[in-house]
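*Asks:* File my_file.tsv below, TSV, C-alpha atoms:
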chain	number	residue	atom	x	y	z
Y	30	SER	CA	-91.93	7.13	-211.17
Y	31	ALA	CA	-95.05	5.30	-212.16
Y	32	ALA	CA	-93.54	4.36	-215.48
Y	33	MET	CA	-90.82	2.30	-213.87
Y	34	PRO	CA	-92.49	-0.41	-211.80
Y	35	GLY	CA	-91.21	-3.66	-210.48
Y	36	CYS	CA	-88.70	-5.08	-208.09
Y	37	TRP	CA	-86.52	-1.97	-208.04
Y	38	ARG	CA	-89.33	-0.03	-206.37
Y	39	THR	CA	-90.12	-2.83	-203.91
Y	40	SER	CA	-86.44	-3.04	-203.01
Y	41	ALA	CA	-86.29	0.72	-202.72
Y	42	TRP	CA	-89.17	0.75	-200.28
Y	43	ARG	CA	-87.68	-2.03	-198.20
Y	44	CYS	CA	-84.27	-0.38	-198.14
Y	45	ALA	CA	-85.72	3.04	-197.43
Y	46	THR	CA	-87.98	1.94	-194.64
Y	47	THR	CA	-86.17	-0.82	-192.83
Y	48	GLY	CA	-82.72	0.78	-192.85
Y	49	SER	CA	-81.28	-2.45	-194.22
Y	50	GLY	CA	-77.54	-2.80	-193.89
Y	51	SER	CA	-75.10	-2.27	-191.08
Y	52	SER	CA	-75.29	1.15	-189.44
Y	53	SER	CA	-71.50	1.12	-189.19
Y	54	SER	CA	-71.23	1.71	-192.92
Y	55	PRO	CA	-71.19	5.36	-194.05
Y	56	CYS	CA	-73.44	4.38	-196.96
Y	57	SER	CA	-76.18	2.72	-194.90
Y	58	ARG	CA	-78.64	4.27	-192.55
Y	59	PRO	CA	-79.41	3.44	-188.93
Y	60	PRO	CA	-82.49	1.22	-188.63
Y	61	ALA	CA	-85.82	3.04	-188.84
Y	62	TYR	CA	-89.32	1.73	-188.27
Y	63	SER	CA	-90.70	0.12	-191.39
Y	64	TRP	CA	-93.05	2.13	-193.61
Y	65	LEU	CA	-93.51	-0.85	-195.87
Y	66	GLN	CA	-92.39	-4.29	-194.75
Y	67	ALA	CA	-92.01	-7.31	-196.96
Y	68	GLY	CA	-94.79	-9.74	-196.21
Y	69	SER	CA	-98.29	-9.58	-194.79
Y	70	LEU	CA	-97.40	-7.75	-191.57
Y	71	GLY	CA	-96.22	-4.63	-193.36
Y	72	ASN	CA	-99.61	-2.99	-193.60
Y	73	SER	CA	-100.81	-3.70	-190.05
Y	74	GLU	CA	-97.50	-2.67	-188.44
Y	75	ASN	CA	-97.36	0.65	-190.26
Y	76	CYS	CA	-101.00	1.37	-189.49
Y	77	LEU	CA	-100.33	0.65	-185.83
Y	78	LEU	CA	-97.38	3.05	-185.89
Y	79	ARG	CA	-99.54	5.94	-187.12
Y	80	GLN	CA	-102.25	4.94	-184.65
Y	81	GLN	CA	-99.67	5.62	-181.93
Y	82	GLN	CA	-97.98	8.61	-183.64
Y	83	PRO	CA	-100.69	10.20	-185.81
Y	84	TRP	CA	-98.95	13.44	-186.82
Y	85	ALA	CA	-96.65	13.33	-189.86
Y	86	PHE	CA	-93.90	15.61	-191.15
Y	87	LYS	CA	-93.00	15.05	-194.78
Y	88	ALA	CA	-90.38	16.86	-196.86
Y	89	ASP	CA	-88.40	16.75	-200.07
Y	90	ILE	CA	-84.81	17.96	-200.45
Y	91	GLU	CA	-84.77	20.61	-203.16
Y	92	ALA	CA	-82.68	19.72	-206.25
Y	93	PHE	CA	-80.78	17.23	-204.11
Y	94	PHE	CA	-79.04	15.14	-206.78
Y	95	ASP	CA	-78.27	18.15	-208.97
Y	96	SER	CA	-76.79	20.13	-206.04
Y	97	ILE	CA	-74.16	17.58	-205.01
Y	98	SER	CA	-70.55	18.75	-205.42
Y	99	ARG	CA	-68.68	16.05	-207.29
Y	100	ASN	CA	-65.24	17.02	-206.03
Y	101	GLU	CA	-66.39	17.05	-202.40
Y	102	LEU	CA	-68.15	13.70	-202.81
Y	103	ILE	CA	-65.08	12.06	-204.37
Y	104	HIS	CA	-62.82	13.50	-201.66
Y	105	ASP	CA	-65.07	12.40	-198.78
Y	106	PHE	CA	-65.72	8.96	-200.28
Y	107	GLU	CA	-62.02	8.31	-200.86
Y	108	LYS	CA	-61.29	9.42	-197.29
Y	109	ALA	CA	-63.97	7.16	-195.80
Y	110	PHE	CA	-63.11	4.04	-197.80
Y	111	CYS	CA	-59.70	2.57	-198.56
Y	112	LEU	CA	-60.82	1.07	-201.84
Y	113	ARG	CA	-58.24	2.14	-204.40
Y	114	SER	CA	-59.23	-0.55	-206.89
Y	115	LEU	CA	-62.87	0.62	-206.85
Y	116	MET	CA	-62.29	4.36	-206.95
Y	117	PRO	CA	-62.08	4.56	-210.77
Y	118	LEU	CA	-65.53	2.96	-210.93
Y	119	VAL	CA	-66.91	5.28	-208.24
Y	120	LYS	CA	-65.39	8.36	-209.89
Y	121	GLY	CA	-66.83	7.25	-213.24
Y	122	ALA	CA	-70.30	7.03	-211.73
Y	123	ILE	CA	-70.00	10.39	-209.97
Y	124	ASN	CA	-68.77	12.12	-213.14
Y	125	CYS	CA	-71.32	10.45	-215.42
Y	126	GLU	CA	-73.20	12.79	-217.78
Y	127	VAL	CA	-76.42	12.53	-219.76
Y	128	GLU	CA	-75.92	12.21	-223.52
Y	129	ASN	CA	-76.90	15.68	-224.75
Y	130	THR	CA	-76.26	15.66	-228.48
Y	131	ASP	CA	-80.02	15.86	-229.07
Y	132	PRO	CA	-81.30	19.49	-228.90
Y	133	VAL	CA	-84.48	18.30	-227.20
Y	134	VAL	CA	-82.48	16.59	-224.46
Y	135	ARG	CA	-80.32	19.70	-224.02
Y	136	ARG	CA	-83.44	21.84	-223.60
Y	137	VAL	CA	-84.89	19.46	-221.00
Y	138	LEU	CA	-81.61	19.48	-219.06
Y	139	GLU	CA	-81.53	23.28	-219.08
Y	140	GLU	CA	-85.17	23.56	-218.02
Y	141	ASN	CA	-84.50	21.27	-215.06
Y	142	GLY	CA	-81.35	23.12	-213.99
Y	143	ILE	CA	-79.03	20.18	-214.69
Y	144	LYS	CA	-75.54	21.56	-215.22
Y	145	LEU	CA	-72.55	19.88	-216.82
Y	146	GLY	CA	-69.96	18.85	-214.24
Y	147	ARG	CA	-72.23	19.15	-211.20
Y	148	GLY	CA	-74.56	16.78	-209.42
Y	149	LEU	CA	-75.27	13.05	-209.48
Y	150	ARG	CA	-77.21	11.68	-212.41
Y	151	GLN	CA	-80.24	9.69	-211.30
Y	152	GLY	CA	-80.97	6.20	-212.57
Y	153	MET	CA	-77.51	4.72	-211.99
Y	154	PRO	CA	-77.26	1.70	-209.64
Y	155	LEU	CA	-74.75	3.60	-207.48
Y	156	SER	CA	-76.84	6.76	-207.12
Y	157	PRO	CA	-78.86	5.58	-204.06
Y	158	ILE	CA	-75.68	4.38	-202.33
Y	159	LEU	CA	-73.85	7.63	-203.01
Y	160	SER	CA	-76.85	9.70	-201.93
Y	161	ASN	CA	-76.92	7.79	-198.62
Y	162	PHE	CA	-73.24	8.60	-198.20
Y	163	VAL	CA	-73.86	12.31	-198.81
Y	164	LEU	CA	-76.67	12.35	-196.22
Y	165	ARG	CA	-75.01	10.10	-193.62
Y	166	GLU	CA	-74.56	12.92	-191.07
Y	167	PHE	CA	-78.10	14.14	-191.70
Y	168	ASP	CA	-79.46	10.66	-190.91
Y	169	LYS	CA	-77.23	10.37	-187.86
Y	170	ALA	CA	-78.56	13.68	-186.50
Y	171	PHE	CA	-82.11	12.31	-186.44
Y	172	GLU	CA	-80.90	9.22	-184.65
Y	173	ASN	CA	-79.23	11.44	-182.05
Y	174	TYR	CA	-82.44	13.44	-181.58
Y	175	GLY	CA	-84.34	10.19	-181.07
Y	176	TYR	CA	-86.67	10.53	-184.06
Y	177	GLY	CA	-87.43	7.63	-186.42
Y	178	LEU	CA	-86.58	9.14	-189.79
Y	179	VAL	CA	-87.73	7.28	-192.89
Y	180	ARG	CA	-85.91	8.44	-196.02
Y	181	TYR	CA	-85.46	7.26	-199.58
Y	182	ALA	CA	-83.02	9.43	-201.50
Y	183	ASP	CA	-84.42	12.99	-201.24
Y	184	ASP	CA	-87.85	12.06	-199.83
Y	185	LEU	CA	-88.27	11.84	-196.06
Y	186	ILE	CA	-90.99	11.43	-193.47
Y	187	VAL	CA	-91.22	11.33	-189.67
Y	188	LEU	CA	-94.28	10.23	-187.67
Y	189	THR	CA	-94.76	11.81	-184.26
Y	190	GLY	CA	-97.32	12.70	-181.60
Y	191	SER	CA	-98.12	16.40	-182.08
Y	192	ARG	CA	-97.94	19.42	-184.36
Y	193	LYS	CA	-95.41	20.98	-181.99
Y	194	GLU	CA	-93.07	18.03	-182.51
Y	195	CYS	CA	-93.56	18.27	-186.27
Y	196	GLU	CA	-92.53	21.93	-186.16
Y	197	LYS	CA	-89.44	20.95	-184.16
Y	198	ILE	CA	-88.60	18.25	-186.69
Y	199	LYS	CA	-88.98	20.79	-189.50
Y	200	ASP	CA	-86.48	23.10	-187.78
Y	201	ILE	CA	-84.06	20.18	-187.30
Y	202	THR	CA	-84.41	19.26	-190.97
Y	203	ILE	CA	-83.69	22.81	-192.15
Y	204	THR	CA	-80.71	23.18	-189.79
Y	205	GLU	CA	-79.11	19.84	-190.65
Y	206	LEU	CA	-79.58	20.27	-194.39
Y	207	ALA	CA	-78.04	23.74	-194.24
Y	208	LYS	CA	-74.84	22.16	-192.90
Y	209	LEU	CA	-74.67	20.26	-196.21
Y	210	LYS	CA	-75.54	23.34	-198.28
Y	211	LEU	CA	-78.96	21.84	-199.00
Y	212	GLN	CA	-82.51	22.97	-198.28
Y	213	ILE	CA	-86.04	21.63	-198.19
Y	214	ASN	CA	-88.46	22.15	-201.06
Y	215	PRO	CA	-91.23	24.35	-199.52
Y	216	PRO	CA	-94.09	23.23	-201.83
Y	217	LYS	CA	-93.35	19.59	-200.97
Y	218	THR	CA	-92.95	20.14	-197.22
Y	219	VAL	CA	-96.13	19.40	-195.28
Y	220	ILE	CA	-97.37	18.66	-191.77
Y	221	CYS	CA	-100.28	16.21	-191.83
Y	222	PRO	CA	-102.71	16.11	-188.88
Y	223	PRO	CA	-104.15	12.75	-187.75
Y	224	GLU	CA	-107.23	12.98	-189.99
Y	225	GLU	CA	-105.20	13.70	-193.14
Y	226	PRO	CA	-103.53	10.91	-195.18
Y	227	VAL	CA	-99.78	11.21	-195.72
Y	228	GLU	CA	-98.31	10.03	-199.01
Y	229	PHE	CA	-94.84	8.55	-199.39
Y	230	LEU	CA	-93.46	6.82	-202.50
Y	231	GLY	CA	-96.90	6.50	-204.06
Y	232	MET	CA	-98.55	5.02	-200.98
Y	233	GLU	CA	-100.69	6.89	-198.49
Y	234	LEU	CA	-101.30	6.06	-194.86
Y	235	GLY	CA	-104.65	7.44	-193.76
Y	236	LEU	CA	-107.91	6.69	-192.01
Y	237	LYS	CA	-110.04	3.96	-193.52
Y	238	PRO	CA	-113.40	5.53	-194.53
Y	239	GLY	CA	-115.97	5.30	-191.76
Y	240	THR	CA	-113.49	4.04	-189.15
Y	241	SER	CA	-110.88	5.34	-186.72
Y	242	LYS	CA	-108.31	2.85	-188.02
Y	243	TYR	CA	-105.48	3.63	-190.42
Y	244	CYS	CA	-104.81	1.74	-193.63
Y	245	LEU	CA	-102.09	1.78	-196.27
Y	246	ARG	CA	-103.31	2.26	-199.83
Y	247	VAL	CA	-102.19	3.30	-203.29
Y	248	SER	CA	-103.02	6.99	-203.55
Y	249	ASP	CA	-105.43	8.33	-206.19
Y	250	SER	CA	-102.66	10.43	-207.75
Y	251	GLN	CA	-100.37	7.40	-208.01
Y	252	MET	CA	-103.22	5.34	-209.47
Y	253	GLN	CA	-103.61	7.97	-212.18
Y	254	GLU	CA	-99.86	8.00	-212.88
Y	255	ILE	CA	-99.88	4.22	-213.25
Y	256	ARG	CA	-102.83	4.42	-215.64
Y	257	THR	CA	-101.00	7.04	-217.71
Y	258	SER	CA	-97.95	4.78	-217.94
Y	259	PHE	CA	-100.19	2.28	-219.77
Y	260	THR	CA	-102.33	4.61	-221.89
Y	261	ARG	CA	-99.30	6.08	-223.65
Y	262	TYR	CA	-98.95	2.66	-225.32
Y	263	HIS	CA	-102.36	3.13	-226.96
Y	264	ASP	CA	-100.41	4.84	-229.75
Y	265	TRP	CA	-98.64	2.18	-231.82
Y	266	ASN	CA	-96.31	4.85	-233.24
Y	267	PHE	CA	-95.09	5.50	-229.70
Y	268	ALA	CA	-94.32	1.78	-229.33
Y	269	CYS	CA	-92.55	1.68	-232.70
Y	270	ASN	CA	-90.36	4.62	-231.73
Y	271	GLN	CA	-89.16	2.51	-228.80
Y	272	ASP	CA	-88.26	-0.36	-231.16
Y	273	LEU	CA	-91.16	-2.49	-229.92
Y	274	ASP	CA	-93.02	-4.95	-232.10
Y	275	ILE	CA	-96.31	-6.43	-230.90
Y	276	ALA	CA	-94.65	-9.33	-229.06
Y	277	LYS	CA	-92.20	-7.05	-227.26
Y	278	LEU	CA	-94.99	-4.60	-226.46
Y	279	PHE	CA	-97.19	-7.25	-224.83
Y	280	ARG	CA	-94.17	-8.52	-222.90
Y	281	ARG	CA	-93.46	-5.02	-221.63
Y	282	LEU	CA	-97.08	-4.42	-220.64
Y	283	SER	CA	-97.16	-7.76	-218.83
Y	284	ASN	CA	-93.94	-6.95	-216.98
Y	285	MET	CA	-95.30	-3.54	-216.00
Y	286	ARG	CA	-98.52	-5.06	-214.69
Y	287	ASP	CA	-96.70	-7.76	-212.71
Y	288	GLY	CA	-94.19	-5.22	-211.39
Y	289	TYR	CA	-96.92	-2.97	-210.02
Y	290	LYS	CA	-98.66	-5.93	-208.41
Y	291	VAL	CA	-95.46	-6.90	-206.61
Y	292	ALA	CA	-94.70	-3.32	-205.59
Y	293	TYR	CA	-98.14	-2.59	-204.15
Y	294	GLY	CA	-99.02	-6.04	-202.79
Y	295	VAL	CA	-99.52	-4.82	-199.20
Y	296	ALA	CA	-101.93	-2.02	-200.13
Y	297	ASP	CA	-105.42	-2.10	-198.65
Y	298	ASN	CA	-106.84	-1.35	-202.10
Y	299	PHE	CA	-104.64	-3.89	-203.88
Y	300	GLU	CA	-107.56	-5.88	-205.33
Y	301	ALA	CA	-108.98	-2.76	-206.99
Y	302	LEU	CA	-105.56	-1.90	-208.39
Y	303	SER	CA	-105.01	-5.47	-209.61
Y	304	GLN	CA	-108.29	-5.47	-211.53
Y	305	ARG	CA	-107.48	-2.09	-213.06
Y	306	LEU	CA	-104.03	-3.27	-214.14
Y	307	ASP	CA	-105.53	-6.25	-215.95
Y	308	GLN	CA	-108.05	-3.96	-217.62
Y	309	TRP	CA	-105.43	-1.40	-218.65
Y	310	VAL	CA	-103.35	-4.11	-220.35
Y	311	GLU	CA	-106.43	-5.33	-222.22
Y	312	ASN	CA	-107.33	-1.77	-223.21
Y	313	CYS	CA	-103.87	-1.28	-224.70
Y	314	ALA	CA	-104.19	-4.38	-226.86
Y	315	MET	CA	-107.71	-3.51	-228.00
Y	316	THR	CA	-106.84	0.10	-228.84
Y	317	ILE	CA	-103.72	-0.89	-230.80
Y	318	TYR	CA	-105.56	-3.45	-232.93
Y	319	LYS	CA	-108.52	-1.15	-233.56
Y	320	SER	CA	-106.20	1.64	-234.72
Y	321	LEU	CA	-104.42	-0.75	-237.10
Y	322	LEU	CA	-107.31	-2.92	-238.34
Y	323	GLY	CA	-110.37	-0.82	-237.65
Y	324	SER	CA	-113.05	-1.32	-235.01
Y	325	ARG	CA	-115.36	-3.36	-237.25
Y	326	ALA	CA	-112.63	-5.87	-238.15
Y	327	VAL	CA	-111.75	-6.39	-234.50
Y	328	GLU	CA	-115.38	-6.87	-233.52
Y	329	LYS	CA	-115.74	-9.63	-236.15
Y	330	LEU	CA	-112.85	-11.68	-234.78
Y	331	THR	CA	-113.72	-15.18	-233.57
Y	332	PRO	CA	-112.89	-16.22	-229.99
Y	333	ARG	CA	-110.00	-18.30	-231.31
Y	334	GLN	CA	-108.63	-15.34	-233.29
Y	335	ARG	CA	-108.96	-13.11	-230.24
Y	336	GLU	CA	-107.07	-15.61	-228.14
Y	337	PHE	CA	-104.29	-15.79	-230.77
Y	338	LEU	CA	-104.00	-12.00	-230.83
Y	339	MET	CA	-104.03	-11.85	-226.99
Y	340	LEU	CA	-107.27	-9.88	-226.97
Y	341	PRO	CA	-109.97	-10.20	-224.29
Y	342	GLN	CA	-113.05	-12.16	-225.31
Y	343	SER	CA	-116.02	-10.02	-226.20
Y	344	SER	CA	-118.78	-9.94	-223.62
In structure tokens, write the structure found in this file.
*Replies:*
Amino acid sequence: SAAMPGCWRTSAWRCATTGSGSSSSPCSRPPAYSWLQAGSLGNSENCLLRQQQPWAFKADIEAFFDSISRNELIHDFEKAFCLRSLMPLVKGAINCEVENTDPVVRRVLEENGIKLGRGLRQGMPLSPILSNFVLREFDKAFENYGYGLVRYADDLIVLTGSRKECEKIKDITITELAKLKLQINPPKTVICPPEEPVEFLGMELGLKPGTSKYCLRVSDSQMQEIRTSFTRYHDWNFACNQDLDIAKLFRRLSNMRDGYKVAYGVADNFEALSQRLDQWVENCAMTIYKSLLGSRAVEKLTPRQREFLMLPQSS
């Protein structure tokens, strides 16, 4: 989600794409080629990979977290790990529910098909680990077929050399998910030819304009989502409803900006994103003060007053 930037997303990418952890553990995946690597080589390595394997199959597992059987997960987890002292904690996480005393929350849960007593609730630290455990045999099947699967939770992608191979990978995906009583989400399942960019976790790997080389960049849709995550703070009432005063608000905006810069540091269009992030933070401050004090009062502020209020200097 664009509204939740920072190290969690960077770590998610690294975990999802490098297969970090021992493959002997039922909760970790076998190593896969990196989609995003930490450090400066990440972009060039991933671009080289698509240069060699330009076709892409991308899919999403339909209602994955909400379809997980809690009893089966607890049984299988307990069978795989002899961790009696930890099982109460694991069971507590698996059986966790969303607080639904608010009618609005109840309506949102119903609209999204979230049922009491079924599925894993997203957002918990253990959710990614438990989801890897649920899909361990699915991941292993791709390793056995010899395909380099890249997966984070319910999002997955495989780069290959032809449309025919993509169709084969789609059939494998459908077959292996069916064994787990899961299925792909048709609207989010695509086969991308070499000339078409493929998006994964907010980044897209596509041809650099005017060249035959691939580059990794923040997608336009993700850029818009990031912008929206800032513009909602133009309304000071929205900030107040989240128990934010002006100091806490600026701290949050700063953390959001810095988090996005860390998360998308390897993007080919990082400089453009960085400049926009700085501008979006400034726009939030300016809009808040103008709504509270009036545009004329803000325009009359001296440079020193602007600096004190953390406003950009007027041009």
*Asks:* From the options Y:Asn266, Y:Thr189, Y:Ser343, Y:Ser241, which residue's atoms come nearest to Y:Pro83, counting all atoms listed in the file?
*Replies:*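 Result for the nearest residue to Y:Pro83: Y:Thr189.
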*Asks:* Taking into account only C-alpha atoms, which residue in the set Y:Met315, Y:Cys221, Y:Cys244, Y:Met232 is nearest to Y:His263?
*Replies:*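 With only C-alpha atoms as the atom set, the closest residue is Y:Met315.
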*Asks:* Please identify every residue of stretch 191-230 of chain Y that has at least one atom no farther than 12 Å from an atom of stretch 250-262 of chain Y, counting all atoms listed in the file, and for each give the shortest atom pair and the distance in Å to one decimal, arranged by chain then increasing number, as a tab-separated table.
*Replies:*
residue	atom	partner	partner_atom	distance
Y:Glu228	CA	Y:Gln251	CA	9.6
Y:Phe229	CA	Y:Gln251	CA	10.3
Y:Leu230	CA	Y:Gln251	CA	8.9
*Asks:* For C-alpha atoms, I'd like the residues from the last selection saved as a compact mmCIF listing (two decimals), keeping the file's coordinate frame.
*Replies:*
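In the end it all went to again06.txt:
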# COMPACT_ATOMS: atom_id res chain seq x y z
CA GLU Y 228 -98.31 10.03 -199.01
CA PHE Y 229 -94.84 8.55 -199.39
CA LEU Y 230 -93.46 6.82 -202.50
*Asks:* Tell me, as a VMD selection string, which residues lie within 8 Å of Y:Gly235, counting all atoms listed in the file; anything in the same chain fewer than 3 positions away does not count.
*Replies:* chain Y and resid 224 to 227 243 to 245
*Asks:* Nearest to Y:Lys290 among Y:Asp307, Y:Glu205, Y:Glu328, Y:Asp264, with distances taken over only C-alpha atoms: which residue is it?
*Replies:*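 Ranked by minimum distance to Y:Lys290, first place goes to Y:Asp307.
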*Asks:* Point out the residue among Y:Tyr318, Y:Phe86, Y:Phe110, Y:Tyr289 with the least atom-to-atom distance to Y:Trp265, counting all atoms listed in the file.
*Replies:*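 So, comparing all the options, the nearest one is Y:Tyr318.
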*Asks:* Please indicate the distance in Å from atom CA of Y:Asn129 to atom CA of Y:Lys144, rounded to one decimal place.
*Replies:* 11.3 Å
*Asks:* Padding of 4 Å on every side, edges along x, y and z, all listed atoms of stretch 80-84 of chain Y included: what centre and edge lengths in Å, to one decimal, does that box have, as JSON?
*Replies:*
{"center_x": -100.1, "center_y": 9.2, "center_z": -184.4, "size_x": 12.3, "size_y": 16.5, "size_z": 12.9}
*Asks:* Find, counting all atoms listed in the file, the residue in Y:Leu102, Y:Cys313, Y:Ile186, Y:Val291 that gets nearest to Y:Ile158.
*Replies:* Y:Leu102
*Asks:* Report, in Å with one decimal, the straight-line distance from atom CA of Y:Arg150 to atom CA of Y:Cys125.
*Replies:* 6.7 Å
*Asks:* Tell me, in Å to one decimal, how far atom CA of Y:Leu145 is from atom CA of Y:Asp95.
*Replies:*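 Computing the Euclidean distance for atom CA of Y:Leu145 and atom CA of Y:Asp95 yields 9.9 Å.
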